[in-house]
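Peer 1: Compact mmCIF, C-alpha atoms, file query-v7.txt:
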# COMPACT_ATOMS: atom_id res chain seq x y z
CA MET A 1 -53.24 -10.34 -70.67
CA LYS A 2 -56.80 -10.52 -71.96
CA ILE A 3 -58.99 -7.45 -72.09
CA GLY A 4 -62.75 -7.50 -72.49
CA LYS A 5 -65.11 -4.67 -73.28
CA MET A 6 -68.80 -4.67 -72.53
CA GLU A 7 -71.20 -2.05 -73.82
CA TYR A 8 -74.51 -1.48 -72.03
CA PHE A 9 -76.40 0.71 -74.44
CA SER A 10 -79.62 0.17 -72.51
CA GLY A 11 -78.28 -0.82 -69.08
CA ILE A 12 -77.60 -4.12 -67.34
CA SER A 13 -78.71 -5.64 -64.04
CA GLY A 14 -76.32 -7.02 -61.46
CA ASP A 15 -77.22 -10.66 -62.03
CA MET A 16 -76.88 -10.20 -65.81
CA LEU A 17 -73.36 -8.85 -65.29
CA LEU A 18 -72.43 -11.78 -63.04
CA GLU A 19 -73.84 -14.26 -65.57
CA ALA A 20 -71.85 -12.65 -68.39
CA LEU A 21 -68.66 -12.78 -66.29
CA VAL A 22 -69.13 -16.51 -65.57
CA ASP A 23 -69.79 -17.24 -69.25
CA ALA A 24 -66.67 -15.22 -70.15
CA GLY A 25 -64.56 -17.47 -67.92
CA VAL A 26 -64.42 -15.83 -64.49
CA ALA A 27 -64.29 -18.59 -61.87
CA GLU A 28 -67.48 -19.00 -59.85
CA GLU A 29 -65.35 -19.36 -56.71
CA MET A 30 -63.87 -15.91 -57.31
CA LEU A 31 -67.33 -14.36 -57.46
CA GLN A 32 -68.36 -16.28 -54.32
CA ARG A 33 -65.32 -14.90 -52.46
CA ALA A 34 -66.07 -11.37 -53.69
CA ALA A 35 -69.68 -11.63 -52.45
CA ALA A 36 -68.50 -12.96 -49.06
CA ALA A 37 -65.94 -10.14 -48.77
CA LEU A 38 -68.77 -7.60 -48.86
CA LYS A 39 -69.91 -8.95 -45.45
CA ILE A 40 -73.56 -8.16 -46.12
CA GLY A 41 -74.80 -11.75 -45.97
CA ALA A 42 -74.92 -12.12 -49.76
CA GLU A 43 -74.43 -15.55 -51.31
CA LEU A 44 -74.46 -16.52 -54.98
CA ARG A 45 -76.17 -19.57 -56.45
CA VAL A 46 -74.81 -20.31 -59.94
CA HIS A 47 -76.57 -22.86 -62.12
CA ARG A 48 -77.37 -23.64 -65.74
CA VAL A 49 -80.85 -23.17 -67.15
CA ASP A 50 -82.56 -24.15 -70.39
CA ARG A 51 -85.25 -21.72 -71.51
CA GLY A 52 -86.97 -22.37 -74.82
CA GLY A 53 -84.08 -24.50 -76.06
CA ILE A 54 -81.44 -21.92 -75.16
CA ARG A 55 -78.94 -22.80 -72.45
CA ALA A 56 -77.54 -20.09 -70.22
CA THR A 57 -75.90 -19.43 -66.88
CA LYS A 58 -78.18 -18.13 -64.12
CA VAL A 59 -76.89 -16.40 -61.00
CA ASP A 60 -79.28 -15.93 -58.08
CA VAL A 61 -78.21 -13.56 -55.33
CA LEU A 62 -79.31 -14.82 -51.92
CA GLU A 63 -79.46 -12.78 -48.74
CA SER A 64 -79.79 -14.59 -45.41
CA GLY A 65 -81.18 -17.66 -47.19
CA VAL A 66 -83.91 -15.68 -48.99
CA LEU A 67 -83.90 -15.05 -52.73
CA ALA A 68 -83.23 -11.32 -53.12
Output the file's structure as structure tokens, nothing else.
Peer 2:
Amino acid sequence: MKIGKMEYFSGISGDMLLEALVDAGVAEEMLQRAAAALKIGAELRVHRVDRGGIRATKVDVLESGVLA
């Protein structure tokens, strides 16, 4: 079993947490199923971005087809 610890000394936003989970190895499909299970119309769009030469994972949370 693997255990991870995250410390948020100054807080973290929901999309930042999702991005960290994907980068740590959580399957995108698992997060998609979790969002669908909430039954609030939320959908996740996961993609890779390159900002200033730094690559990262970006997770956009969509609600009813509109970026939330």
Peer 1: What is the distance, in Å and to one decimal place, between CA of Asp50 (chain A) and CA of Ala36 (chain A)?
Peer 2: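 These two atoms are separated by 27.9 Å.
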Peer 1: Calculated over all atoms listed in the file, which of the candidates A:Leu44, A:Leu38, A:Ile54, A:Lys2 has the smallest distance to Gly14 (chain A)?
Peer 2: A:Leu44
Peer 1: Do you know which residues are at most 12 Å from Thr57 (chain A) counting only C-alpha atoms, after dropping those on the same chain fewer than 6 positions away, and could you put them as a ChimeraX atom specification?
Peer 2: /A:15-25,28,45-51
Peer 1: Mind writing the picked residues with C-alpha atoms as an mmCIF file, in the coordinates of the input?
Peer 2:
data_model
loop_
_atom_site.group_PDB
_atom_site.id
_atom_site.type_symbol
_atom_site.label_atom_id
_atom_site.label_comp_id
_atom_site.auth_asym_id
_atom_site.auth_seq_id
_atom_site.Cartn_x
_atom_site.Cartn_y
_atom_site.Cartn_z
ATOM 1 C CA ASP A 15 -77.220 -10.660 -62.030
ATOM 2 C CA MET A 16 -76.880 -10.200 -65.810
ATOM 3 C CA LEU A 17 -73.360 -8.850 -65.290
ATOM 4 C CA LEU A 18 -72.430 -11.780 -63.040
ATOM 5 C CA GLU A 19 -73.840 -14.260 -65.570
ATOM 6 C CA ALA A 20 -71.850 -12.650 -68.390
ATOM 7 C CA LEU A 21 -68.660 -12.780 -66.290
ATOM 8 C CA VAL A 22 -69.130 -16.510 -65.570
ATOM 9 C CA ASP A 23 -69.790 -17.240 -69.250
ATOM 10 C CA ALA A 24 -66.670 -15.220 -70.150
ATOM 11 C CA GLY A 25 -64.560 -17.470 -67.920
ATOM 12 C CA GLU A 28 -67.480 -19.000 -59.850
ATOM 13 C CA ARG A 45 -76.170 -19.570 -56.450
ATOM 14 C CA VAL A 46 -74.810 -20.310 -59.940
ATOM 15 C CA HIS A 47 -76.570 -22.860 -62.120
ATOM 16 C CA ARG A 48 -77.370 -23.640 -65.740
ATOM 17 C CA VAL A 49 -80.850 -23.170 -67.150
ATOM 18 C CA ASP A 50 -82.560 -24.150 -70.390
ATOM 19 C CA ARG A 51 -85.250 -21.720 -71.510
#
Peer 1: What separation in Å, quoted to one decimal, exists between CA of Ile3 (chain A) and CA of Ala42 (chain A)?
Peer 2: 27.8 Å
Peer 1: To one decimal in Å, tell me the separation between CA of Gly41 (chain A) and CA of Glu63 (chain A).
Peer 2: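 It comes out at 5.5 Å.
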Peer 1: Any chance you could build region 8-19 of chain A out to all heavy atoms and write it as a PDB file, keeping the file's coordinate frame?
Peer 2:
ATOM      1  N   TYR A   8     -73.149  -1.379 -72.555  1.00  0.00           N
ATOM      2  CA  TYR A   8     -74.510  -1.480 -72.030  1.00  0.00           C
ATOM      3  C   TYR A   8     -75.331  -0.324 -72.577  1.00  0.00           C
ATOM      4  O   TYR A   8     -75.655   0.617 -71.876  1.00  0.00           O
ATOM      5  CB  TYR A   8     -74.492  -1.420 -70.498  1.00  0.00           C
ATOM      6  CG  TYR A   8     -73.450  -2.315 -69.870  1.00  0.00           C
ATOM      7  CD1 TYR A   8     -72.339  -1.790 -69.230  1.00  0.00           C
ATOM      8  CD2 TYR A   8     -73.575  -3.689 -69.954  1.00  0.00           C
ATOM      9  CE1 TYR A   8     -71.389  -2.609 -68.669  1.00  0.00           C
ATOM     10  CE2 TYR A   8     -72.623  -4.521 -69.392  1.00  0.00           C
ATOM     11  CZ  TYR A   8     -71.537  -3.976 -68.751  1.00  0.00           C
ATOM     12  OH  TYR A   8     -70.600  -4.787 -68.198  1.00  0.00           O
ATOM     13  N   PHE A   9     -75.697  -0.407 -73.824  1.00  0.00           N
ATOM     14  CA  PHE A   9     -76.400   0.710 -74.440  1.00  0.00           C
ATOM     15  C   PHE A   9     -77.761   0.967 -73.815  1.00  0.00           C
ATOM     16  O   PHE A   9     -78.273   2.073 -73.889  1.00  0.00           O
ATOM     17  CB  PHE A   9     -76.538   0.505 -75.953  1.00  0.00           C
ATOM     18  CG  PHE A   9     -77.374  -0.675 -76.341  1.00  0.00           C
ATOM     19  CD1 PHE A   9     -78.731  -0.530 -76.561  1.00  0.00           C
ATOM     20  CD2 PHE A   9     -76.802  -1.917 -76.487  1.00  0.00           C
ATOM     21  CE1 PHE A   9     -79.503  -1.621 -76.910  1.00  0.00           C
ATOM     22  CE2 PHE A   9     -77.571  -3.009 -76.846  1.00  0.00           C
ATOM     23  CZ  PHE A   9     -78.921  -2.862 -77.064  1.00  0.00           C
ATOM     24  N   SER A  10     -78.329  -0.048 -73.166  1.00  0.00           N
ATOM     25  CA  SER A  10     -79.620   0.170 -72.510  1.00  0.00           C
ATOM     26  C   SER A  10     -79.605  -0.289 -71.055  1.00  0.00           C
ATOM     27  O   SER A  10     -80.640  -0.517 -70.462  1.00  0.00           O
ATOM     28  CB  SER A  10     -80.731  -0.541 -73.275  1.00  0.00           C
ATOM     29  OG  SER A  10     -80.515  -1.938 -73.268  1.00  0.00           O
ATOM     30  N   GLY A  11     -78.400  -0.437 -70.482  1.00  0.00           N
ATOM     31  CA  GLY A  11     -78.280  -0.820 -69.080  1.00  0.00           C
ATOM     32  C   GLY A  11     -78.103  -2.316 -68.904  1.00  0.00           C
ATOM     33  O   GLY A  11     -78.234  -3.091 -69.836  1.00  0.00           O
ATOM     34  N   ILE A  12     -77.771  -2.708 -67.678  1.00  0.00           N
ATOM     35  CA  ILE A  12     -77.600  -4.120 -67.340  1.00  0.00           C
ATOM     36  C   ILE A  12     -77.866  -4.277 -65.842  1.00  0.00           C
ATOM     37  O   ILE A  12     -77.538  -3.397 -65.048  1.00  0.00           O
ATOM     38  CB  ILE A  12     -76.190  -4.629 -67.708  1.00  0.00           C
ATOM     39  CG1 ILE A  12     -76.076  -6.135 -67.522  1.00  0.00           C
ATOM     40  CG2 ILE A  12     -75.127  -3.891 -66.921  1.00  0.00           C
ATOM     41  CD1 ILE A  12     -74.807  -6.724 -68.132  1.00  0.00           C
ATOM     42  N   SER A  13     -78.465  -5.384 -65.462  1.00  0.00           N
ATOM     43  CA  SER A  13     -78.710  -5.640 -64.040  1.00  0.00           C
ATOM     44  C   SER A  13     -77.511  -6.379 -63.451  1.00  0.00           C
ATOM     45  O   SER A  13     -76.670  -6.926 -64.175  1.00  0.00           O
ATOM     46  CB  SER A  13     -79.982  -6.475 -63.865  1.00  0.00           C
ATOM     47  OG  SER A  13     -79.801  -7.767 -64.424  1.00  0.00           O
ATOM     48  N   GLY A  14     -77.440  -6.389 -62.139  1.00  0.00           N
ATOM     49  CA  GLY A  14     -76.320  -7.020 -61.460  1.00  0.00           C
ATOM     50  C   GLY A  14     -76.194  -8.496 -61.759  1.00  0.00           C
ATOM     51  O   GLY A  14     -75.096  -8.996 -62.025  1.00  0.00           O
ATOM     52  N   ASP A  15     -77.311  -9.228 -61.755  1.00  0.00           N
ATOM     53  CA  ASP A  15     -77.220 -10.660 -62.030  1.00  0.00           C
ATOM     54  C   ASP A  15     -76.834 -10.905 -63.482  1.00  0.00           C
ATOM     55  O   ASP A  15     -76.102 -11.844 -63.797  1.00  0.00           O
ATOM     56  CB  ASP A  15     -78.512 -11.397 -61.655  1.00  0.00           C
ATOM     57  CG  ASP A  15     -79.740 -10.935 -62.423  1.00  0.00           C
ATOM     58  OD1 ASP A  15     -79.766  -9.778 -62.886  1.00  0.00           O
ATOM     59  OD2 ASP A  15     -80.690 -11.734 -62.542  1.00  0.00           O
ATOM     60  N   MET A  16     -77.268 -10.055 -64.402  1.00  0.00           N
ATOM     61  CA  MET A  16     -76.880 -10.200 -65.810  1.00  0.00           C
ATOM     62  C   MET A  16     -75.377 -10.012 -65.967  1.00  0.00           C
ATOM     63  O   MET A  16     -74.727 -10.735 -66.732  1.00  0.00           O
ATOM     64  CB  MET A  16     -77.630  -9.208 -66.681  1.00  0.00           C
ATOM     65  CG  MET A  16     -79.105  -9.516 -66.828  1.00  0.00           C
ATOM     66  SD  MET A  16     -80.019  -8.215 -67.687  1.00  0.00           S
ATOM     67  CE  MET A  16     -79.311  -8.283 -69.312  1.00  0.00           C
ATOM     68  N   LEU A  17     -74.797  -9.064 -65.230  1.00  0.00           N
ATOM     69  CA  LEU A  17     -73.360  -8.850 -65.290  1.00  0.00           C
ATOM     70  C   LEU A  17     -72.614 -10.069 -64.742  1.00  0.00           C
ATOM     71  O   LEU A  17     -71.652 -10.547 -65.357  1.00  0.00           O
ATOM     72  CB  LEU A  17     -72.973  -7.602 -64.497  1.00  0.00           C
ATOM     73  CG  LEU A  17     -71.474  -7.330 -64.376  1.00  0.00           C
ATOM     74  CD1 LEU A  17     -70.834  -7.155 -65.743  1.00  0.00           C
ATOM     75  CD2 LEU A  17     -71.227  -6.127 -63.511  1.00  0.00           C
ATOM     76  N   LEU A  18     -73.067 -10.599 -63.613  1.00  0.00           N
ATOM     77  CA  LEU A  18     -72.430 -11.780 -63.040  1.00  0.00           C
ATOM     78  C   LEU A  18     -72.513 -12.970 -63.983  1.00  0.00           C
ATOM     79  O   LEU A  18     -71.545 -13.719 -64.149  1.00  0.00           O
ATOM     80  CB  LEU A  18     -73.065 -12.123 -61.689  1.00  0.00           C
ATOM     81  CG  LEU A  18     -72.855 -11.107 -60.571  1.00  0.00           C
ATOM     82  CD1 LEU A  18     -73.683 -11.478 -59.351  1.00  0.00           C
ATOM     83  CD2 LEU A  18     -71.392 -10.982 -60.221  1.00  0.00           C
ATOM     84  N   GLU A  19     -73.665 -13.159 -64.622  1.00  0.00           N
ATOM     85  CA  GLU A  19     -73.840 -14.260 -65.570  1.00  0.00           C
ATOM     86  C   GLU A  19     -72.901 -14.118 -66.761  1.00  0.00           C
ATOM     87  O   GLU A  19     -72.288 -15.090 -67.210  1.00  0.00           O
ATOM     88  CB  GLU A  19     -75.299 -14.320 -66.023  1.00  0.00           C
ATOM     89  CG  GLU A  19     -76.233 -14.695 -64.901  1.00  0.00           C
ATOM     90  CD  GLU A  19     -77.669 -14.223 -65.076  1.00  0.00           C
ATOM     91  OE1 GLU A  19     -78.006 -13.586 -66.105  1.00  0.00           O
ATOM     92  OE2 GLU A  19     -78.471 -14.491 -64.167  1.00  0.00           O
TER      93      GLU A  19
END
